[in-house]
Amino acid sequence: MPRRPRKKSKSGIYHVILRGANRQEICHKQEDRFRFLDTLKRYIHETDTQVVVWCLMDNHVHFLLKEKIPQVSEVMKRLGISYASYYNWTYGTNGHLFQDRFKSEEVETDGYLLTVVRYIHMNPVKSGLILKPEDYRWSSCGSFYGKVVYPPDLLSSWFILSLFSKDEKEARKRMKDFHSRQCEEECLSAWGRNRRRLTDEEARREIIAVHGSYAIPQVKSLPGKERDMILRKVKEIEGLSQRQAARVLGVSVYLVNRS
């Protein structure tokens, strides 16, 4: 069955999510994140699209994009092909890095726009990586508070800030208050300090300790018996779910479960 065409946003604004295939990690180190963001910046500028908000996690990325002419699909296509080529060359892998098709939704009202902004910036808080969204290095949140965020010329921040106030200083203050309310109401109770589940960063360290000489991206390409032996050891890590192990290693949950 052919895919349905994406619904056109009347505002030209889209919330876009790009995930690793089988929820695998798409960035393993700082250099990967720099490369991803530099690649994004190149294609954003070439297509005259605006990045309104972004957050780069280990196995997925969120964008709010504003297009002047229909270009979002072209940006995501070029980004996916270029970064996947870099990834496969760097880690000696092959095959698909991203899910076949990115997910997107139209953002038509200012109210929902701010809801999505806050949702995107709170991702690393909800994942237990940091306590305050502005402390996460790989998102646009710090830019809205006046911090320098890499790459500095990627973001079009005034589009969002102007919804809070026409005065820049007041807009930054109101936006910070806006994020803080969400953190207190929804995140601290659900993602408190007594969490027993490993964070993805902790999970990566534990998995590396188990499989030793192989880089994480290479595990899925090992011969079946060798790969399954590693997966059996990984499943014994305390605080690591099979779904999380599958996501970090870039394999299916079924493969982890049957090993």
# chains A, B, ... in the order shown; residues from 1 in each chain; ligands from 1
>>> residues_around(residues="Lys8 (chain A)", least_positions_apart="5", cutoff="10 Å", atoms="only C-alpha atoms", output="VMD selection string")
chain A and resid 13 to 14 70 105 to 106
>>> write_last_selection(atoms="C-alpha atoms", output="mmCIF file, in the first residue's frame")
data_model
loop_
_atom_site.group_PDB
_atom_site.id
_atom_site.type_symbol
_atom_site.label_atom_id
_atom_site.label_comp_id
_atom_site.auth_asym_id
_atom_site.auth_seq_id
_atom_site.Cartn_x
_atom_site.Cartn_y
_atom_site.Cartn_z
ATOM 1 C CA ILE A 13 5.562 24.533 11.391
ATOM 2 C CA TYR A 14 6.179 20.851 12.084
ATOM 3 C CA PRO A 70 7.663 22.637 1.320
ATOM 4 C CA GLU A 105 2.904 16.497 13.078
ATOM 5 C CA GLU A 106 1.539 19.887 12.121
#
>>> select_by_dssp(residues="region 101-189 of chain A", states="strand (DSSP E)", output="VMD selection string")
chain A and resid 103 to 106
>>> write_last_selection(atoms="C-alpha atoms", output="PDB file, in the first residue's frame")
ATOM      1  CA  LYS A 103       7.476  11.136  12.092  1.00  0.00           C
ATOM      2  CA  SER A 104       5.952  14.583  11.957  1.00  0.00           C
ATOM      3  CA  GLU A 105       2.904  16.497  13.078  1.00  0.00           C
ATOM      4  CA  GLU A 106       1.539  19.887  12.121  1.00  0.00           C
TER       5      GLU A 106
END
>>> closest_residue(among="A:Pro217, A:Gly111, A:Gly92, A:Gly80", to="Val251 (chain A)", atoms="only C-alpha atoms")
A:Pro217
>>> residues_around(residues="Leu255 (chain A)", least_positions_apart="6", cutoff="10 Å", atoms="only C-alpha atoms", output="ChimeraX atom specification")
/A:220,227-228,231,242,246
>>> write_last_selection(atoms="N, CA and C atoms", output="CSV table (one decimal), in the first residue's frame")
chain,number,residue,atom,x,y,z
A,220,LYS,N,25.9,-5.8,16.9
A,220,LYS,CA,24.8,-6.4,16.1
A,220,LYS,C,25.2,-7.1,14.9
A,227,ARG,N,27.4,-13.0,19.2
A,227,ARG,CA,26.5,-11.9,19.6
A,227,ARG,C,25.5,-12.4,20.7
A,228,ASP,N,25.0,-13.6,20.6
A,228,ASP,CA,24.0,-14.1,21.6
A,228,ASP,C,24.7,-14.3,23.0
A,231,LEU,N,24.8,-10.9,24.4
A,231,LEU,CA,23.4,-10.5,24.8
A,231,LEU,C,23.0,-11.2,26.1
A,242,GLN,N,15.3,-5.2,29.0
A,242,GLN,CA,15.6,-5.7,27.6
A,242,GLN,C,15.4,-4.7,26.6
A,246,ALA,N,18.2,-3.4,24.0
A,246,ALA,CA,18.0,-3.4,22.5
A,246,ALA,C,18.2,-2.0,21.9
>>> closest_atom_pairs(of="region 92-201 of chain A", to="region 36-54 of chain A", cutoff="6 Å", atoms="only C-alpha atoms", output="tab-separated table")
residue	atom	partner	partner_atom	distance
A:Ser139	CA	A:Trp54	CA	5.5
A:Ser140	CA	A:Trp54	CA	5.4
A:Leu154	CA	A:Lys41	CA	5.8
A:Leu155	CA	A:Val51	CA	5.3
A:Ser156	CA	A:Val52	CA	5.3
>>> atom_distance(atom1="CA of Asp58 (chain A)", atom2="CA of His28 (chain A)")
7.0 Å
>>> closest_residue(among="A:Ile17, A:Leu163, A:Leu240, A:Met57", to="Met122 (chain A)", atoms="only C-alpha atoms")
A:Met57
>>> residues_around(residues="Lys132 (chain A)", least_positions_apart="3", cutoff="12 Å", atoms="only C-alpha atoms", output="ChimeraX atom specification")
/A:118,121-129,135-137,139,141-142,176-177,179-184,187-188
>>> atom_distance(atom1="CA of Tyr87 (chain A)", atom2="CA of Lys225 (chain A)")
25.3 Å
>>> select_by_dssp(residues="region 10-215 of chain A", states="helix (DSSP H, G or I)", output="count of residues only")
103
>>> decode(residues="region 114-164 of chain A", atoms="N, CA and C atoms", output="PDB file, in the first residue's frame")
ATOM      1  N   LEU A 114       3.864  26.099  22.035  1.00  0.00           N
ATOM      2  CA  LEU A 114       4.591  26.193  23.302  1.00  0.00           C
ATOM      3  C   LEU A 114       4.586  24.859  24.042  1.00  0.00           C
ATOM      4  N   THR A 115       3.496  24.109  23.917  1.00  0.00           N
ATOM      5  CA  THR A 115       3.457  22.778  24.521  1.00  0.00           C
ATOM      6  C   THR A 115       4.539  21.885  23.945  1.00  0.00           C
ATOM      7  N   VAL A 116       4.723  21.932  22.630  1.00  0.00           N
ATOM      8  CA  VAL A 116       5.736  21.107  21.977  1.00  0.00           C
ATOM      9  C   VAL A 116       7.145  21.590  22.337  1.00  0.00           C
ATOM     10  N   VAL A 117       7.336  22.899  22.408  1.00  0.00           N
ATOM     11  CA  VAL A 117       8.638  23.446  22.810  1.00  0.00           C
ATOM     12  C   VAL A 117       9.055  22.872  24.162  1.00  0.00           C
ATOM     13  N   ARG A 118       8.135  22.930  25.090  1.00  0.00           N
ATOM     14  CA  ARG A 118       8.444  22.441  26.438  1.00  0.00           C
ATOM     15  C   ARG A 118       8.655  20.927  26.434  1.00  0.00           C
ATOM     16  N   TYR A 119       7.847  20.208  25.684  1.00  0.00           N
ATOM     17  CA  TYR A 119       7.996  18.750  25.591  1.00  0.00           C
ATOM     18  C   TYR A 119       9.380  18.374  25.063  1.00  0.00           C
ATOM     19  N   ILE A 120       9.831  19.056  24.021  1.00  0.00           N
ATOM     20  CA  ILE A 120      11.136  18.756  23.420  1.00  0.00           C
ATOM     21  C   ILE A 120      12.263  19.047  24.407  1.00  0.00           C
ATOM     22  N   HIS A 121      12.219  20.205  25.039  1.00  0.00           N
ATOM     23  CA  HIS A 121      13.305  20.585  25.946  1.00  0.00           C
ATOM     24  C   HIS A 121      13.328  19.738  27.220  1.00  0.00           C
ATOM     25  N   MET A 122      12.186  19.132  27.590  1.00  0.00           N
ATOM     26  CA  MET A 122      12.145  18.327  28.806  1.00  0.00           C
ATOM     27  C   MET A 122      12.567  16.888  28.575  1.00  0.00           C
ATOM     28  N   ASN A 123      12.833  16.498  27.331  1.00  0.00           N
ATOM     29  CA  ASN A 123      13.218  15.115  27.042  1.00  0.00           C
ATOM     30  C   ASN A 123      14.392  14.625  27.889  1.00  0.00           C
ATOM     31  N   PRO A 124      15.503  15.351  27.953  1.00  0.00           N
ATOM     32  CA  PRO A 124      16.634  14.853  28.763  1.00  0.00           C
ATOM     33  C   PRO A 124      16.341  14.846  30.259  1.00  0.00           C
ATOM     34  N   VAL A 125      15.440  15.701  30.731  1.00  0.00           N
ATOM     35  CA  VAL A 125      15.041  15.666  32.145  1.00  0.00           C
ATOM     36  C   VAL A 125      14.255  14.392  32.414  1.00  0.00           C
ATOM     37  N   LYS A 126      13.304  14.095  31.558  1.00  0.00           N
ATOM     38  CA  LYS A 126      12.486  12.896  31.733  1.00  0.00           C
ATOM     39  C   LYS A 126      13.301  11.617  31.585  1.00  0.00           C
ATOM     40  N   SER A 127      14.408  11.693  30.855  1.00  0.00           N
ATOM     41  CA  SER A 127      15.274  10.525  30.693  1.00  0.00           C
ATOM     42  C   SER A 127      16.258  10.382  31.851  1.00  0.00           C
ATOM     43  N   GLY A 128      16.229  11.315  32.797  1.00  0.00           N
ATOM     44  CA  GLY A 128      17.098  11.229  33.961  1.00  0.00           C
ATOM     45  C   GLY A 128      18.520  11.678  33.724  1.00  0.00           C
ATOM     46  N   LEU A 129      18.764  12.395  32.621  1.00  0.00           N
ATOM     47  CA  LEU A 129      20.124  12.818  32.298  1.00  0.00           C
ATOM     48  C   LEU A 129      20.541  14.054  33.087  1.00  0.00           C
ATOM     49  N   ILE A 130      19.599  14.958  33.305  1.00  0.00           N
ATOM     50  CA  ILE A 130      19.878  16.203  34.025  1.00  0.00           C
ATOM     51  C   ILE A 130      18.624  16.579  34.826  1.00  0.00           C
ATOM     52  N   LEU A 131      18.752  17.584  35.674  1.00  0.00           N
ATOM     53  CA  LEU A 131      17.601  18.035  36.463  1.00  0.00           C
ATOM     54  C   LEU A 131      16.933  19.259  35.859  1.00  0.00           C
ATOM     55  N   LYS A 132      17.700  20.085  35.148  1.00  0.00           N
ATOM     56  CA  LYS A 132      17.158  21.293  34.536  1.00  0.00           C
ATOM     57  C   LYS A 132      17.421  21.251  33.034  1.00  0.00           C
ATOM     58  N   PRO A 133      16.439  21.587  32.215  1.00  0.00           N
ATOM     59  CA  PRO A 133      16.600  21.427  30.765  1.00  0.00           C
ATOM     60  C   PRO A 133      17.731  22.261  30.181  1.00  0.00           C
ATOM     61  N   GLU A 134      18.027  23.412  30.781  1.00  0.00           N
ATOM     62  CA  GLU A 134      19.088  24.271  30.236  1.00  0.00           C
ATOM     63  C   GLU A 134      20.489  23.691  30.474  1.00  0.00           C
ATOM     64  N   ASP A 135      20.589  22.663  31.337  1.00  0.00           N
ATOM     65  CA  ASP A 135      21.882  22.048  31.607  1.00  0.00           C
ATOM     66  C   ASP A 135      22.252  20.968  30.595  1.00  0.00           C
ATOM     67  N   TYR A 136      21.317  20.632  29.714  1.00  0.00           N
ATOM     68  CA  TYR A 136      21.606  19.625  28.693  1.00  0.00           C
ATOM     69  C   TYR A 136      22.290  20.303  27.514  1.00  0.00           C
ATOM     70  N   ARG A 137      23.472  19.848  27.193  1.00  0.00           N
ATOM     71  CA  ARG A 137      24.297  20.526  26.184  1.00  0.00           C
ATOM     72  C   ARG A 137      23.732  20.401  24.777  1.00  0.00           C
ATOM     73  N   TRP A 138      23.043  19.297  24.487  1.00  0.00           N
ATOM     74  CA  TRP A 138      22.683  18.990  23.107  1.00  0.00           C
ATOM     75  C   TRP A 138      21.233  19.313  22.809  1.00  0.00           C
ATOM     76  N   SER A 139      20.799  20.477  23.229  1.00  0.00           N
ATOM     77  CA  SER A 139      19.467  20.973  22.864  1.00  0.00           C
ATOM     78  C   SER A 139      19.523  22.485  22.723  1.00  0.00           C
ATOM     79  N   SER A 140      18.443  23.044  22.239  1.00  0.00           N
ATOM     80  CA  SER A 140      18.378  24.487  22.023  1.00  0.00           C
ATOM     81  C   SER A 140      18.004  25.258  23.278  1.00  0.00           C
ATOM     82  N   CYS A 141      17.687  24.562  24.374  1.00  0.00           N
ATOM     83  CA  CYS A 141      17.133  25.238  25.544  1.00  0.00           C
ATOM     84  C   CYS A 141      18.032  26.364  26.047  1.00  0.00           C
ATOM     85  N   GLY A 142      19.337  26.096  26.180  1.00  0.00           N
ATOM     86  CA  GLY A 142      20.245  27.115  26.693  1.00  0.00           C
ATOM     87  C   GLY A 142      20.259  28.386  25.864  1.00  0.00           C
ATOM     88  N   SER A 143      20.037  28.246  24.563  1.00  0.00           N
ATOM     89  CA  SER A 143      20.028  29.422  23.682  1.00  0.00           C
ATOM     90  C   SER A 143      18.943  30.409  24.081  1.00  0.00           C
ATOM     91  N   PHE A 144      17.815  29.887  24.512  1.00  0.00           N
ATOM     92  CA  PHE A 144      16.701  30.751  24.887  1.00  0.00           C
ATOM     93  C   PHE A 144      16.960  31.488  26.192  1.00  0.00           C
ATOM     94  N   TYR A 145      17.953  31.028  26.953  1.00  0.00           N
ATOM     95  CA  TYR A 145      18.307  31.682  28.203  1.00  0.00           C
ATOM     96  C   TYR A 145      19.550  32.543  28.054  1.00  0.00           C
ATOM     97  N   GLY A 146      20.052  32.690  26.825  1.00  0.00           N
ATOM     98  CA  GLY A 146      21.194  33.547  26.574  1.00  0.00           C
ATOM     99  C   GLY A 146      22.527  32.831  26.559  1.00  0.00           C
ATOM    100  N   LYS A 147      22.539  31.502  26.652  1.00  0.00           N
ATOM    101  CA  LYS A 147      23.786  30.751  26.604  1.00  0.00           C
ATOM    102  C   LYS A 147      24.210  30.528  25.147  1.00  0.00           C
ATOM    103  N   VAL A 148      25.503  30.271  24.949  1.00  0.00           N
ATOM    104  CA  VAL A 148      26.014  29.915  23.626  1.00  0.00           C
ATOM    105  C   VAL A 148      25.877  28.410  23.456  1.00  0.00           C
ATOM    106  N   VAL A 149      25.148  27.997  22.446  1.00  0.00           N
ATOM    107  CA  VAL A 149      24.903  26.580  22.183  1.00  0.00           C
ATOM    108  C   VAL A 149      25.416  26.248  20.791  1.00  0.00           C
ATOM    109  N   TYR A 150      26.093  25.124  20.674  1.00  0.00           N
ATOM    110  CA  TYR A 150      26.637  24.708  19.374  1.00  0.00           C
ATOM    111  C   TYR A 150      25.564  24.018  18.533  1.00  0.00           C
ATOM    112  N   PRO A 151      25.502  24.326  17.243  1.00  0.00           N
ATOM    113  CA  PRO A 151      26.195  25.395  16.524  1.00  0.00           C
ATOM    114  C   PRO A 151      25.430  26.709  16.690  1.00  0.00           C
ATOM    115  N   PRO A 152      26.121  27.808  16.924  1.00  0.00           N
ATOM    116  CA  PRO A 152      25.455  29.058  17.311  1.00  0.00           C
ATOM    117  C   PRO A 152      24.535  29.646  16.256  1.00  0.00           C
ATOM    118  N   ASP A 153      24.730  29.324  14.977  1.00  0.00           N
ATOM    119  CA  ASP A 153      23.914  29.931  13.923  1.00  0.00           C
ATOM    120  C   ASP A 153      22.878  28.964  13.356  1.00  0.00           C
ATOM    121  N   LEU A 154      22.500  27.964  14.151  1.00  0.00           N
ATOM    122  CA  LEU A 154      21.481  27.011  13.685  1.00  0.00           C
ATOM    123  C   LEU A 154      20.071  27.470  14.012  1.00  0.00           C
ATOM    124  N   LEU A 155      19.898  28.075  15.166  1.00  0.00           N
ATOM    125  CA  LEU A 155      18.570  28.317  15.729  1.00  0.00           C
ATOM    126  C   LEU A 155      17.996  29.676  15.353  1.00  0.00           C
ATOM    127  N   SER A 156      16.683  29.700  15.137  1.00  0.00           N
ATOM    128  CA  SER A 156      15.923  30.953  14.985  1.00  0.00           C
ATOM    129  C   SER A 156      15.085  31.124  16.251  1.00  0.00           C
ATOM    130  N   SER A 157      15.699  31.690  17.301  1.00  0.00           N
ATOM    131  CA  SER A 157      15.082  31.664  18.627  1.00  0.00           C
ATOM    132  C   SER A 157      14.019  32.740  18.840  1.00  0.00           C
ATOM    133  N   TRP A 158      14.129  33.872  18.148  1.00  0.00           N
ATOM    134  CA  TRP A 158      13.205  34.966  18.436  1.00  0.00           C
ATOM    135  C   TRP A 158      11.761  34.603  18.098  1.00  0.00           C
ATOM    136  N   PHE A 159      11.570  33.709  17.164  1.00  0.00           N
ATOM    137  CA  PHE A 159      10.218  33.276  16.794  1.00  0.00           C
ATOM    138  C   PHE A 159       9.459  32.774  18.016  1.00  0.00           C
ATOM    139  N   ILE A 160      10.144  32.033  18.895  1.00  0.00           N
ATOM    140  CA  ILE A 160       9.507  31.508  20.099  1.00  0.00           C
ATOM    141  C   ILE A 160       9.519  32.542  21.214  1.00  0.00           C
ATOM    142  N   LEU A 161      10.637  33.215  21.411  1.00  0.00           N
ATOM    143  CA  LEU A 161      10.733  34.195  22.497  1.00  0.00           C
ATOM    144  C   LEU A 161       9.687  35.293  22.371  1.00  0.00           C
ATOM    145  N   SER A 162       9.376  35.690  21.160  1.00  0.00           N
ATOM    146  CA  SER A 162       8.413  36.780  20.953  1.00  0.00           C
ATOM    147  C   SER A 162       7.008  36.408  21.404  1.00  0.00           C
ATOM    148  N   LEU A 163       6.739  35.118  21.570  1.00  0.00           N
ATOM    149  CA  LEU A 163       5.427  34.696  22.069  1.00  0.00           C
ATOM    150  C   LEU A 163       5.284  34.982  23.557  1.00  0.00           C
ATOM    151  N   PHE A 164       6.403  35.157  24.261  1.00  0.00           N
ATOM    152  CA  PHE A 164       6.368  35.444  25.690  1.00  0.00           C
ATOM    153  C   PHE A 164       6.369  36.943  25.967  1.00  0.00           C
TER     154      PHE A 164
END
